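Here is the file entry_17.txt (compact mmCIF, C-alpha atoms and all ligand atoms).
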# COMPACT_ATOMS: atom_id res chain seq x y z
CA MET A 1 -3.58 -9.98 28.84
CA ALA A 2 -1.67 -11.85 31.47
CA SER A 3 -2.04 -15.17 29.63
CA LYS A 4 -0.21 -13.92 26.54
CA GLY A 5 3.47 -14.49 25.94
CA GLY A 6 4.42 -11.01 24.80
CA LEU A 7 4.11 -10.83 21.00
CA PHE A 8 0.39 -10.03 21.02
CA GLY A 9 -1.27 -7.57 23.41
CA THR A 10 -5.03 -7.17 23.83
CA ASN A 11 -5.17 -5.54 20.38
CA GLY A 12 -2.53 -7.21 18.26
CA ILE A 13 1.21 -6.62 17.91
CA ARG A 14 2.19 -3.04 18.75
CA GLY A 15 5.29 -0.95 19.39
CA GLU A 16 7.40 2.10 18.54
CA VAL A 17 8.67 2.12 14.96
CA ASN A 18 12.38 1.26 14.65
CA VAL A 19 12.54 0.72 18.41
CA LYS A 20 10.48 -2.44 18.98
CA LEU A 21 9.06 -2.50 15.45
CA THR A 22 12.39 -2.85 13.60
CA PRO A 23 12.45 -4.29 10.06
CA GLU A 24 13.69 -7.60 11.51
CA PHE A 25 10.93 -7.75 14.13
CA ILE A 26 8.24 -6.91 11.56
CA LEU A 27 9.66 -9.53 9.18
CA ASN A 28 9.74 -12.27 11.84
CA SER A 29 6.22 -11.43 13.07
CA SER A 30 4.98 -11.41 9.47
CA LEU A 31 6.70 -14.70 8.59
CA ALA A 32 5.10 -16.25 11.69
CA ILE A 33 1.65 -15.13 10.51
CA ALA A 34 2.44 -16.24 6.93
CA THR A 35 3.58 -19.67 8.13
CA PHE A 36 0.49 -20.03 10.33
CA LEU A 37 -1.66 -19.41 7.24
CA ASN A 38 0.25 -22.23 5.53
CA GLY A 39 0.11 -20.78 2.02
CA ASN A 40 -2.53 -20.51 -0.67
CA LYS A 41 -4.74 -18.18 1.42
CA THR A 42 -6.15 -14.86 0.20
CA VAL A 43 -5.14 -12.07 2.57
CA ILE A 44 -6.35 -8.46 2.43
CA VAL A 45 -3.85 -6.01 3.93
CA GLY A 46 -4.91 -2.51 5.00
CA ARG A 47 -3.30 0.30 6.94
CA ASP A 48 -4.24 3.44 8.85
CA THR A 49 -2.77 6.87 8.08
CA ARG A 50 0.54 6.54 9.95
CA ASN A 51 3.69 7.63 8.09
CA SER A 52 5.26 4.24 8.84
CA GLY A 53 2.29 2.40 7.30
CA THR A 54 3.89 1.61 3.94
CA PHE A 55 7.18 0.63 5.61
CA VAL A 56 5.45 -1.93 7.84
CA SER A 57 2.97 -3.19 5.26
CA ASN A 58 5.58 -3.67 2.51
CA ILE A 59 7.63 -6.00 4.73
CA LEU A 60 4.44 -7.76 5.80
CA LYS A 61 3.22 -8.26 2.22
CA GLY A 62 6.59 -9.66 1.14
CA ALA A 63 6.54 -12.18 3.97
CA LEU A 64 2.99 -13.29 3.12
CA LEU A 65 3.90 -13.79 -0.55
CA SER A 66 7.08 -15.73 0.25
CA ALA A 67 5.00 -18.25 2.21
CA GLY A 68 2.68 -18.70 -0.77
CA ASN A 69 -0.27 -16.54 0.33
CA HIS A 70 -2.05 -14.24 -2.14
CA VAL A 71 -2.07 -10.59 -1.08
CA TYR A 72 -4.63 -7.90 -1.91
CA ASP A 73 -3.61 -4.43 -0.78
CA ALA A 74 -6.56 -2.26 0.26
CA GLY A 75 -4.43 0.84 1.03
CA ILE A 76 -5.64 3.20 3.76
CA VAL A 77 -8.89 1.91 5.27
CA PRO A 78 -10.64 1.98 8.67
CA THR A 79 -10.26 -1.32 10.54
CA PRO A 80 -14.01 -2.12 10.31
CA ALA A 81 -13.91 -1.53 6.52
CA LEU A 82 -11.11 -4.10 6.25
CA GLN A 83 -13.01 -6.51 8.50
CA LEU A 84 -16.09 -6.30 6.27
CA ALA A 85 -14.00 -6.88 3.13
CA VAL A 86 -12.33 -9.92 4.72
CA LYS A 87 -15.68 -11.38 5.79
CA ASN A 88 -17.02 -11.04 2.25
CA HIS A 89 -13.99 -11.73 0.08
CA ALA A 90 -10.94 -13.30 1.76
CA ASP A 91 -9.51 -15.99 4.03
CA PHE A 92 -7.70 -13.57 6.31
CA GLY A 93 -6.96 -9.88 6.91
CA ILE A 94 -4.13 -7.90 8.41
CA MET A 95 -4.48 -4.29 9.52
CA VAL A 96 -1.35 -2.20 10.00
CA THR A 97 -2.42 0.16 12.78
CA ALA A 98 -1.60 1.38 16.25
CA SER A 99 -5.20 2.54 16.72
CA HIS A 100 -5.16 5.45 19.23
CA ASN A 101 -1.42 5.50 20.04
CA PRO A 102 0.86 8.48 19.20
CA PRO A 103 2.39 8.70 15.67
CA ILE A 104 5.68 6.96 16.58
CA TYR A 105 3.75 3.71 17.15
CA ASN A 106 2.50 1.17 14.67
CA GLY A 107 1.17 -2.37 14.90
CA ILE A 108 -0.19 -5.46 13.20
CA LYS A 109 -3.69 -6.74 13.86
CA CYS A 110 -4.95 -10.07 12.49
CA ILE A 111 -8.52 -10.57 11.26
CA ASP A 112 -9.84 -14.10 10.79
CA GLY A 113 -11.82 -15.18 7.72
CA ASP A 114 -15.14 -14.43 9.47
CA GLY A 115 -14.17 -10.74 9.69
CA THR A 116 -13.64 -10.80 13.47
CA GLU A 117 -10.35 -10.26 15.28
CA LEU A 118 -8.29 -13.41 15.74
CA GLU A 119 -8.93 -15.46 18.89
CA ASP A 120 -6.27 -16.01 21.58
CA GLU A 121 -5.56 -19.66 20.69
CA LYS A 122 -4.62 -18.76 17.12
CA GLU A 123 -2.49 -15.82 18.29
CA ASN A 124 -0.69 -18.21 20.65
CA GLU A 125 0.05 -20.51 17.70
CA ILE A 126 1.53 -17.59 15.72
CA GLU A 127 3.56 -16.63 18.78
CA ARG A 128 4.94 -20.19 19.05
CA ILE A 129 6.06 -20.06 15.39
CA PHE A 130 7.61 -16.60 16.05
CA ASN A 131 9.54 -17.82 19.11
CA GLU A 132 10.75 -21.00 17.40
CA LYS A 133 11.44 -19.13 14.15
CA SER A 134 9.97 -22.21 12.42
CA PHE A 135 9.08 -20.26 9.26
CA LYS A 136 8.06 -22.18 6.13
CA LEU A 137 8.87 -20.55 2.79
CA LYS A 138 7.63 -21.91 -0.53
CA GLU A 139 9.50 -22.81 -3.73
CA TRP A 140 9.89 -19.90 -6.17
CA SER A 141 7.09 -21.25 -8.35
CA GLU A 142 4.61 -21.28 -5.45
CA ILE A 143 5.14 -17.69 -4.31
CA GLY A 144 1.79 -15.90 -3.92
CA ARG A 145 0.09 -13.48 -6.32
CA TYR A 146 -0.25 -9.79 -5.55
CA ASP A 147 -2.80 -7.17 -6.52
CA ASN A 148 -4.57 -4.08 -5.24
CA ILE A 149 -8.18 -4.28 -4.13
CA THR A 150 -10.18 -1.12 -4.76
CA GLY A 151 -13.49 0.03 -3.37
CA VAL A 152 -13.11 -1.33 0.17
CA ASN A 153 -13.95 2.06 1.71
CA HIS A 154 -16.81 2.78 -0.65
CA ASN A 155 -18.32 -0.67 -0.15
CA TYR A 156 -18.10 -0.25 3.63
CA VAL A 157 -19.90 3.13 3.50
CA PHE A 158 -22.56 1.55 1.28
CA ASN A 159 -23.08 -1.26 3.82
CA VAL A 160 -23.48 1.17 6.73
CA TYR A 161 -25.94 3.14 4.56
CA ASN A 162 -27.92 -0.06 4.00
CA ASN A 163 -28.02 -0.89 7.71
CA ILE A 164 -29.84 2.21 8.94
CA ASN A 165 -33.39 3.40 8.57
CA LYS A 166 -33.12 6.40 6.21
CA GLU A 167 -36.83 7.24 6.47
CA ILE A 168 -36.61 8.37 10.09
CA ILE A 169 -33.45 10.44 9.82
CA ASN A 170 -33.90 14.08 10.75
CA LYS A 171 -32.21 15.98 7.91
CA ASN A 172 -32.07 19.12 10.06
CA LEU A 173 -29.58 17.63 12.49
CA LYS A 174 -26.29 19.48 12.64
CA ILE A 175 -23.21 17.56 13.73
CA VAL A 176 -19.43 17.92 13.95
CA VAL A 177 -17.05 15.02 13.28
CA ASP A 178 -13.38 14.86 14.23
CA CYS A 179 -11.61 12.06 12.32
CA SER A 180 -8.31 12.72 14.15
CA SER A 181 -6.55 12.78 10.71
CA GLY A 182 -7.04 9.00 10.70
CA ALA A 183 -8.57 6.46 8.33
CA GLY A 184 -12.15 7.57 9.14
CA SER A 185 -11.38 10.70 7.05
CA LEU A 186 -11.92 8.52 3.96
CA THR A 187 -15.33 7.14 4.94
CA THR A 188 -17.21 9.18 7.57
CA PRO A 189 -17.65 12.41 5.53
CA GLU A 190 -18.69 10.30 2.50
CA PHE A 191 -21.34 8.56 4.59
CA LEU A 192 -22.71 11.84 6.02
CA ASP A 193 -22.91 13.25 2.48
CA SER A 194 -24.81 10.15 1.37
CA ILE A 195 -27.59 10.72 3.94
CA ASN A 196 -27.69 14.52 3.37
CA ILE A 197 -26.83 15.52 6.92
CA LYS A 198 -25.30 18.95 7.56
CA PHE A 199 -21.93 18.48 9.18
CA THR A 200 -18.71 20.25 9.93
CA SER A 201 -15.55 18.20 9.65
CA LEU A 202 -12.51 18.62 11.87
CA ASN A 203 -9.21 16.90 11.07
CA CYS A 204 -10.77 14.86 8.26
CA ASN A 205 -7.66 15.10 6.07
CA ILE A 206 -5.37 12.10 6.39
CA ASP A 207 -2.07 13.00 8.05
CA GLY A 208 0.25 10.52 9.77
CA ASN A 209 1.69 13.22 12.01
CA PHE A 210 -1.75 13.71 13.61
CA PRO A 211 -1.08 17.47 13.71
CA ALA A 212 -4.14 18.57 15.70
CA HIS A 213 -4.00 15.97 18.48
CA ASP A 214 -2.98 12.38 19.16
CA PRO A 215 -5.56 9.99 17.69
CA GLU A 216 -6.86 8.88 21.08
CA PRO A 217 -10.44 10.10 21.39
CA LYS A 218 -10.33 11.24 25.00
CA GLU A 219 -11.62 14.47 26.49
CA GLU A 220 -8.27 16.30 26.75
CA ASN A 221 -7.57 15.66 23.05
CA LEU A 222 -10.96 16.93 21.91
CA LYS A 223 -11.03 20.51 23.24
CA GLU A 224 -11.67 21.98 19.78
CA LEU A 225 -14.53 19.56 19.08
CA ILE A 226 -16.08 20.36 22.47
CA ARG A 227 -15.73 24.13 21.95
CA ILE A 228 -17.33 24.02 18.50
CA THR A 229 -20.15 21.65 19.43
CA LYS A 230 -21.33 23.48 22.56
CA GLY A 231 -24.52 25.41 21.94
CA TYR A 232 -24.40 25.22 18.12
CA TYR A 233 -24.58 21.56 17.10
CA ASP A 234 -26.81 18.64 18.05
CA PHE A 235 -23.74 16.61 18.88
CA GLY A 236 -20.06 16.09 18.13
CA ALA A 237 -18.29 12.80 17.44
CA ALA A 238 -14.67 11.69 17.18
CA HIS A 239 -12.86 8.60 15.88
CA ASP A 240 -9.54 7.09 16.87
CA GLY A 241 -6.78 6.59 14.24
CA ASP A 242 -8.28 3.46 12.64
CA ALA A 243 -11.92 4.50 13.19
CA ASP A 244 -13.06 1.34 14.93
CA ARG A 245 -14.11 3.52 17.86
CA ILE A 246 -16.29 6.59 18.29
CA VAL A 247 -16.93 8.94 21.19
CA PHE A 248 -19.55 11.65 21.54
CA VAL A 249 -19.93 15.22 22.84
CA ASP A 250 -23.47 16.40 23.66
CA ASP A 251 -25.16 19.67 22.64
CA ASP A 252 -24.02 21.29 25.92
CA GLY A 253 -20.39 20.48 25.12
CA ASN A 254 -20.10 17.61 27.62
CA PHE A 255 -17.80 14.73 26.72
CA ILE A 256 -19.90 11.60 27.31
CA ALA A 257 -18.34 8.67 29.14
CA GLY A 258 -18.24 5.45 27.11
CA ASP A 259 -20.43 3.44 29.46
CA LYS A 260 -23.20 6.04 29.11
CA ILE A 261 -23.12 5.53 25.34
CA LEU A 262 -23.38 1.77 25.93
CA GLY A 263 -26.31 2.47 28.30
CA LEU A 264 -28.05 4.73 25.78
CA PHE A 265 -27.81 2.20 22.94
CA THR A 266 -28.77 -0.67 25.28
CA LYS A 267 -31.92 1.24 26.26
CA ASN A 268 -32.83 2.02 22.67
CA ILE A 269 -32.26 -1.53 21.44
CA THR A 270 -33.86 -3.39 24.39
CA ASP A 271 -36.88 -1.04 24.32
CA ARG A 272 -37.68 -2.76 21.05
CA ARG A 273 -36.58 -6.36 21.50
CA ASN A 274 -35.16 -8.62 24.18
CA GLY A 275 -31.87 -10.41 24.02
CA ILE A 276 -28.33 -10.53 25.33
CA VAL A 277 -26.00 -7.51 25.60
CA VAL A 278 -22.29 -8.40 25.91
CA ILE A 279 -19.86 -6.12 27.79
CA PRO A 280 -16.56 -6.57 29.68
CA VAL A 281 -16.53 -6.78 33.50
CA THR A 282 -15.17 -3.22 33.79
CA VAL A 283 -18.36 -1.60 32.45
CA SER A 284 -20.85 0.20 34.73
CA LYS A 285 -23.72 -1.76 36.25
CA MET A 286 -25.93 0.91 34.72
CA VAL A 287 -25.99 -1.06 31.47
CA GLU A 288 -27.18 -4.19 33.30
CA GLU A 289 -29.86 -2.20 35.18
CA ILE A 290 -31.23 -0.80 31.90
CA ALA A 291 -31.20 -4.19 30.15
CA MET A 292 -32.88 -5.97 33.06
CA LYS A 293 -35.60 -3.33 33.38
CA ASN A 294 -36.46 -4.06 29.75
CA GLY A 295 -36.43 -7.84 30.25
CA SER A 296 -33.03 -8.34 28.57
CA LYS A 297 -29.81 -9.80 29.95
CA VAL A 298 -26.20 -8.70 30.23
CA LEU A 299 -23.34 -11.15 29.74
CA TYR A 300 -19.95 -10.09 31.12
CA THR A 301 -16.65 -11.07 29.49
CA LYS A 302 -12.94 -10.54 30.02
CA VAL A 303 -11.54 -7.22 28.82
CA GLY A 304 -10.63 -7.16 25.10
CA ALA A 305 -12.62 -6.39 21.96
CA PRO A 306 -11.98 -9.78 20.26
CA ILE A 307 -13.44 -11.58 23.31
CA VAL A 308 -16.53 -9.34 23.37
CA ALA A 309 -17.08 -9.79 19.61
CA ARG A 310 -16.59 -13.58 19.63
CA THR A 311 -18.86 -13.99 22.68
CA MET A 312 -21.54 -11.95 20.90
CA MET A 313 -21.27 -14.28 17.94
CA LYS A 314 -21.59 -17.36 20.15
CA VAL A 315 -24.69 -16.19 22.08
CA ASN A 316 -26.31 -14.35 19.17
CA ALA A 317 -26.26 -11.07 21.12
CA ILE A 318 -28.30 -8.04 20.10
CA PHE A 319 -25.61 -5.49 21.05
CA GLY A 320 -22.23 -5.25 22.72
CA GLY A 321 -19.15 -3.14 23.18
CA GLU A 322 -16.55 -1.60 25.42
CA ASP A 323 -16.56 1.57 27.52
CA ASN A 324 -13.82 3.16 25.36
CA GLY A 325 -16.13 3.90 22.41
CA GLY A 326 -15.90 0.42 20.87
CA LEU A 327 -19.48 -0.35 19.75
CA ILE A 328 -20.52 -3.60 18.06
CA PHE A 329 -23.77 -3.81 16.09
CA PRO A 330 -24.22 -7.43 14.98
CA GLU A 331 -26.62 -6.57 12.15
CA MET A 332 -23.58 -5.13 10.34
CA GLN A 333 -20.68 -7.26 11.58
CA TYR A 334 -19.04 -8.62 14.75
CA ALA A 335 -16.53 -5.79 14.86
CA ARG A 336 -16.09 -2.53 16.71
CA ASP A 337 -17.31 -0.03 14.19
CA GLY A 338 -16.91 3.74 14.55
CA LEU A 339 -18.99 4.76 11.53
CA MET A 340 -21.80 2.33 12.40
CA GLY A 341 -21.80 3.90 15.90
CA LEU A 342 -22.20 7.35 14.35
CA ALA A 343 -24.94 6.17 11.98
CA LYS A 344 -26.84 4.54 14.84
CA MET A 345 -26.53 7.71 16.95
CA ILE A 346 -28.01 9.79 14.12
CA GLU A 347 -30.85 7.27 13.88
CA LEU A 348 -31.39 7.30 17.67
CA ILE A 349 -31.46 11.11 18.05
CA SER A 350 -33.78 11.44 15.04
CA GLU A 351 -36.16 8.85 16.42
CA ARG A 352 -36.21 9.97 20.06
CA LYS A 353 -36.63 13.64 19.05
CA SER A 354 -34.69 14.70 22.15
CA LYS A 355 -31.43 16.46 22.79
CA LEU A 356 -28.51 14.12 23.44
CA SER A 357 -27.86 15.93 26.76
CA ASP A 358 -31.45 15.15 27.89
CA LEU A 359 -31.20 11.50 26.85
CA ILE A 360 -28.00 11.14 28.88
CA LYS A 361 -29.65 12.73 31.95
CA GLU A 362 -32.40 10.07 31.82
CA LEU A 363 -29.89 7.25 32.39
CA PRO A 364 -29.54 5.80 35.92
CA GLU A 365 -26.74 7.52 37.84
CA TYR A 366 -23.71 5.56 39.06
CA TYR A 367 -20.45 6.91 40.49
CA GLN A 368 -17.07 5.45 39.63
CA LYS A 369 -13.49 5.69 40.78
CA LYS A 370 -10.33 4.03 39.47
CA GLY A 371 -6.90 3.60 41.00
CA SER A 372 -3.69 1.67 40.40
CA PHE A 373 -1.06 0.31 42.76
CA LYS A 374 2.60 -0.38 41.96
CA ILE A 375 3.68 -3.91 42.81
CA PRO A 376 7.04 -5.73 42.66
CA GLN A 377 7.65 -7.26 39.19
CA GLY A 378 6.20 -10.77 38.83
CA LYS A 379 4.11 -10.65 42.01
CA SER A 380 0.65 -10.08 40.54
CA SER A 381 -0.58 -13.69 40.68
CA GLU A 382 0.59 -14.03 44.32
CA ILE A 383 -1.35 -10.88 45.28
CA MET A 384 -4.43 -12.01 43.37
CA LYS A 385 -4.33 -15.40 45.15
CA ILE A 386 -4.33 -13.74 48.58
CA ILE A 387 -7.34 -11.57 47.63
CA GLU A 388 -9.12 -14.60 46.18
CA ARG A 389 -8.57 -16.56 49.40
CA ASP A 390 -9.96 -13.74 51.56
CA PHE A 391 -13.07 -13.18 49.44
CA GLU A 392 -14.84 -16.39 48.59
CA LYS A 393 -18.40 -15.11 48.59
CA ASN A 394 -20.11 -12.77 46.12
CA THR A 395 -17.16 -12.73 43.77
CA ILE A 396 -17.13 -13.02 40.00
CA LYS A 397 -13.87 -14.32 38.57
CA ILE A 398 -14.21 -13.61 34.86
CA ASP A 399 -11.24 -11.26 34.64
CA GLY A 400 -9.52 -10.44 37.94
CA ILE A 401 -11.83 -10.52 40.96
CA LYS A 402 -15.11 -8.61 41.06
CA ILE A 403 -16.58 -8.28 44.55
CA ILE A 404 -20.20 -7.19 44.90
CA GLU A 405 -21.48 -5.46 48.04
CA GLY A 406 -25.13 -4.43 47.69
CA ASP A 407 -25.37 -1.68 45.07
CA SER A 408 -21.59 -1.31 44.94
CA TRP A 409 -18.82 -3.34 43.37
CA VAL A 410 -15.08 -3.36 43.02
CA LEU A 411 -12.97 -5.06 40.40
CA ILE A 412 -9.34 -5.88 41.17
CA ARG A 413 -7.22 -7.00 38.23
CA PRO A 414 -3.54 -7.03 37.35
CA SER A 415 -2.41 -4.89 34.41
CA GLY A 416 -1.46 -6.98 31.37
CA THR A 417 1.50 -4.76 30.47
CA GLU A 418 2.87 -3.11 33.65
CA PRO A 419 3.63 -4.20 37.26
CA LEU A 420 0.38 -2.73 38.55
CA ILE A 421 -2.81 -3.86 40.24
CA ARG A 422 -5.82 -1.89 39.08
CA LEU A 423 -8.84 -1.14 41.24
CA TYR A 424 -12.20 -0.15 39.74
CA ALA A 425 -15.06 0.82 42.06
CA GLU A 426 -18.66 1.78 41.40
CA SER A 427 -21.60 2.71 43.57
CA LYS A 428 -25.02 4.33 43.47
CA SER A 429 -24.00 6.96 46.05
CA ARG A 430 -20.86 9.08 46.41
CA ASP A 431 -20.42 8.17 50.08
CA ASP A 432 -20.68 4.43 49.44
CA LEU A 433 -18.18 4.83 46.60
CA GLU A 434 -15.62 6.55 48.84
CA ASN A 435 -16.09 3.90 51.55
CA ILE A 436 -15.74 0.88 49.28
CA PHE A 437 -12.82 2.43 47.38
CA LYS A 438 -10.94 3.15 50.63
CA LYS A 439 -11.68 -0.32 52.03
CA TYR A 440 -10.17 -2.11 49.03
CA SER A 441 -7.31 0.38 48.51
CA ASP A 442 -6.22 -0.29 52.09
CA LEU A 443 -6.55 -4.02 51.57
CA ILE A 444 -4.41 -4.01 48.41
CA GLU A 445 -1.78 -1.74 50.02
CA ASN A 446 -1.56 -4.04 53.05
CA ILE A 447 -1.11 -7.14 50.90
CA ILE A 448 1.63 -5.40 48.88
CA LYS A 449 3.43 -4.54 52.16
CA GLU A 450 3.02 -8.11 53.41
CA ILE A 451 4.64 -9.78 50.43
CA GLN A 452 7.63 -7.43 50.22
MG MG B 501 -8.79 1.65 17.18

Kindly transcribe the structure held in the file into structure tokens.
Ligand code: MG
Amino acid sequence: MASKGGLFGTNGIRGEVNVKLTPEFILNSSLAIATFLNGNKTVIVGRDTRNSGTFVSNILKGALLSAGNHVYDAGIVPTPALQLAVKNHADFGIMVTASHNPPIYNGIKCIDGDGTELEDEKENEIERIFNEKSFKLKEWSEIGRYDNITGVNHNYVFNVYNNINKEIINKNLKIVVDCSSGAGSLTTPEFLDSINIKFTSLNCNIDGNFPAHDPEPKEENLKELIRITKGYYDFGAAHDGDADRIVFVDDDGNFIAGDKILGLFTKNITDRRNGIVVIPVTVSKMVEEIAMKNGSKVLYTKVGAPIVARTMMKVNAIFGGEDNGGLIFPEMQYARDGLMGLAKMIELISERKSKLSDLIKELPEYYQKKGSFKIPQGKSSEIMKIIERDFEKNTIKIDGIKIIEGDSWVLIRPSGTEPLIRLYAESKSRDDLENIFKKYSDLIENIIKEIQ
């Protein structure tokens, strides 16, 4: 996010191991978090399956203890399993994960005592301590206590089990799950066994080298899942490395775009009850159309899972998520939850008694196009100001500038990490999409020329 100073990205601290994430960097980041906690807090630490997981978490745990916090090590757990354990048992949580990034990466993600990812203001405070190196260590006699905490994964599976309607589940469903050799390997097969569903598992053995494919659940990484699912299974599903996300492949072997999954769940949930669905501004208007048709409302937020989750909490939303497979079901917890997404999909398919491919075809059709434009370093706010000045009407300024023209919209926003302006466009017809995309591409290109 543009507002952040550099230590935290949209999903915590992240970098290549022994490049950015050197022992010294991990220690200083950890001491900043430990100082922020101010001692005497219970902290659960978990990690995904990366080979560097113990290296990072051992430095982190030492730093927490030296500042007088009590550490409980949960070992390898999915991020949502850690979040649930923190909500129920601790003051704070830290997940050592780089989510979907290649194996050379790792990262540190902070979970607040309510089980939801830490808000920006608190991350900024940690960043200030990090930059000032104003670390506070305790006397030897006040150093924290350390222990392992067992059963975090099992308890999480049990909670998902308790949050679905077992009576309606069709036991004849056949599914394939790809855990990407990540932390979901320890929970998703156990859950499927518990509800007696027939399933085939792919890459459900933990392996920090991610031998089959990088743990990013995108179409090009899931060729094997798609090949196996097509024609033989009711659907396929895949997690990222820390299993807070889930994506789906239908019975025809089509990889389903994330906003269609949001649309499908929004339809199913708002068919039954009205309320607020929370999504970031980048998501297709299809979700809003479905919600409105059912008398429900959509609330748009800035991009970033912690913002979506915390907004859901504030407005008591009935559902929310991101278009990258991050689904949040508030009846379980305000966290992106890959296994809960799978459980809810099993429930949905059982209840609707339709093929997933047919359910997807029923959704309203929208066309989308994305582009990005290189800009000179440090010029993004100048460019955004010019666009803002030229388009006063029909704009939504939640994150970047969203301009609405009839059934079409574009979103122009600077990248948080690279010197780029991103353009998202969506329309109900292919022709309108091409026209609006060209119009705003030309506009951005002209402004970039002007300021050079
Ligand atoms: Mg993830």

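Those protein and nucleic acid residues that have any atom within 7 Å of ligand MG 501 (chain B) are, using only C-alpha atoms and all ligand atoms, Ser99, His100, Asp240, Gly241, Asp242, Ala243, Asp244 and Arg245 of chain A.
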
Expected file: the selected residues, C-alpha atoms, as a PDB file, in the coordinates of the input:
ATOM      1  CA  SER A  99      -5.200   2.540  16.720  1.00  0.00           C
ATOM      2  CA  HIS A 100      -5.160   5.450  19.230  1.00  0.00           C
ATOM      3  CA  ASP A 240      -9.540   7.090  16.870  1.00  0.00           C
ATOM      4  CA  GLY A 241      -6.780   6.590  14.240  1.00  0.00           C
ATOM      5  CA  ASP A 242      -8.280   3.460  12.640  1.00  0.00           C
ATOM      6  CA  ALA A 243     -11.920   4.500  13.190  1.00  0.00           C
ATOM      7  CA  ASP A 244     -13.060   1.340  14.930  1.00  0.00           C
ATOM      8  CA  ARG A 245     -14.110   3.520  17.860  1.00  0.00           C
TER       9      ARG A 245
END

Practice task
Return the single residue from A:Lys61, A:Pro364, A:Asp91, A:Tyr233 that is closest to Lys293 in chain A, with distances computed using all atoms listed in the file.
Solution key: A:Pro364

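One distance worth recording is that between CA of Tyr334 in chain A and CA of Leu84 in chain A, which is 9.3 Å.
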
Exercise for the section: List every protein, DNA or RNA residue that has an atom no more than 12 Å from (-11.6, -15.8, 38.4) in the file's coordinate frame, counting only C-alpha atoms, and report them as an NGL selection string. Expected result: :A and (281 or 301-302 or 381 or 384-385 or 387-389 or 391-392 or 394-403 or 411-414)

Practice task
Could you tell me how far CA of Thr229 in chain A lies from CA of Pro78 in chain A, in Å and to one decimal?
Solution key: 24.4 Å

Exercise for the section: Select, counting only C-alpha atoms, all protein, DNA and RNA residues no farther than 9 Å from (5.8, -20.7, 13.0) in file coordinates, and express the selection as a PyMOL selection string. Expected result: chain A and resi 31-36+125-136

Shell of 12 Å around Asp251 in chain A, all atoms listed in the file, local chain residues under 6 positions omitted, as a compact mmCIF listing (two decimals) with C-alpha atoms, in the coordinates of the input:
# COMPACT_ATOMS: atom_id res chain seq x y z
CA LEU A 173 -29.58 17.63 12.49
CA LYS A 174 -26.29 19.48 12.64
CA ILE A 175 -23.21 17.56 13.73
CA VAL A 176 -19.43 17.92 13.95
CA LEU A 225 -14.53 19.56 19.08
CA ILE A 226 -16.08 20.36 22.47
CA ARG A 227 -15.73 24.13 21.95
CA ILE A 228 -17.33 24.02 18.50
CA THR A 229 -20.15 21.65 19.43
CA LYS A 230 -21.33 23.48 22.56
CA GLY A 231 -24.52 25.41 21.94
CA TYR A 232 -24.40 25.22 18.12
CA TYR A 233 -24.58 21.56 17.10
CA ASP A 234 -26.81 18.64 18.05
CA PHE A 235 -23.74 16.61 18.88
CA GLY A 236 -20.06 16.09 18.13
CA ALA A 237 -18.29 12.80 17.44
CA ILE A 349 -31.46 11.11 18.05
CA SER A 354 -34.69 14.70 22.15
CA LYS A 355 -31.43 16.46 22.79
CA LEU A 356 -28.51 14.12 23.44
CA SER A 357 -27.86 15.93 26.76
CA ASP A 358 -31.45 15.15 27.89
CA LEU A 359 -31.20 11.50 26.85
CA ILE A 360 -28.00 11.14 28.88

Handout entry: Gln377 in chain A surroundings by all atoms listed in the file, 10 Å radius, close-in-sequence under 3 positions cut, as a list of chain:residue names
Key = A:Lys374, A:Ser380, A:Glu418, A:Pro419, A:Leu420

Exercise for the section: Using only C-alpha atoms, pick whichever of A:Ser30, A:Phe210, A:Gly184, A:Gly39 has the shortest atom-to-atom distance to Pro102 in chain A. Expected result: A:Phe210

Practice task
Have a look at A:Ala67, A:Cys110, A:Met313, A:Leu192 and name the one nearest to Val45 in chain A; count all atoms listed in the file.
Solution key: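 That would be A:Cys110, the residue with the smallest distance to Val45 in chain A.
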
Practice task
Might you pull out every residue within 10 Å of Ala212 in chain A, with only C-alpha atoms counted and same-chain residues fewer than 4 positions away left off, and present them as a list in words?
Solution key: Ser180, Ser181, Leu202, Asn203, Asp207, Asn221, Leu222 and Glu224 of chain A
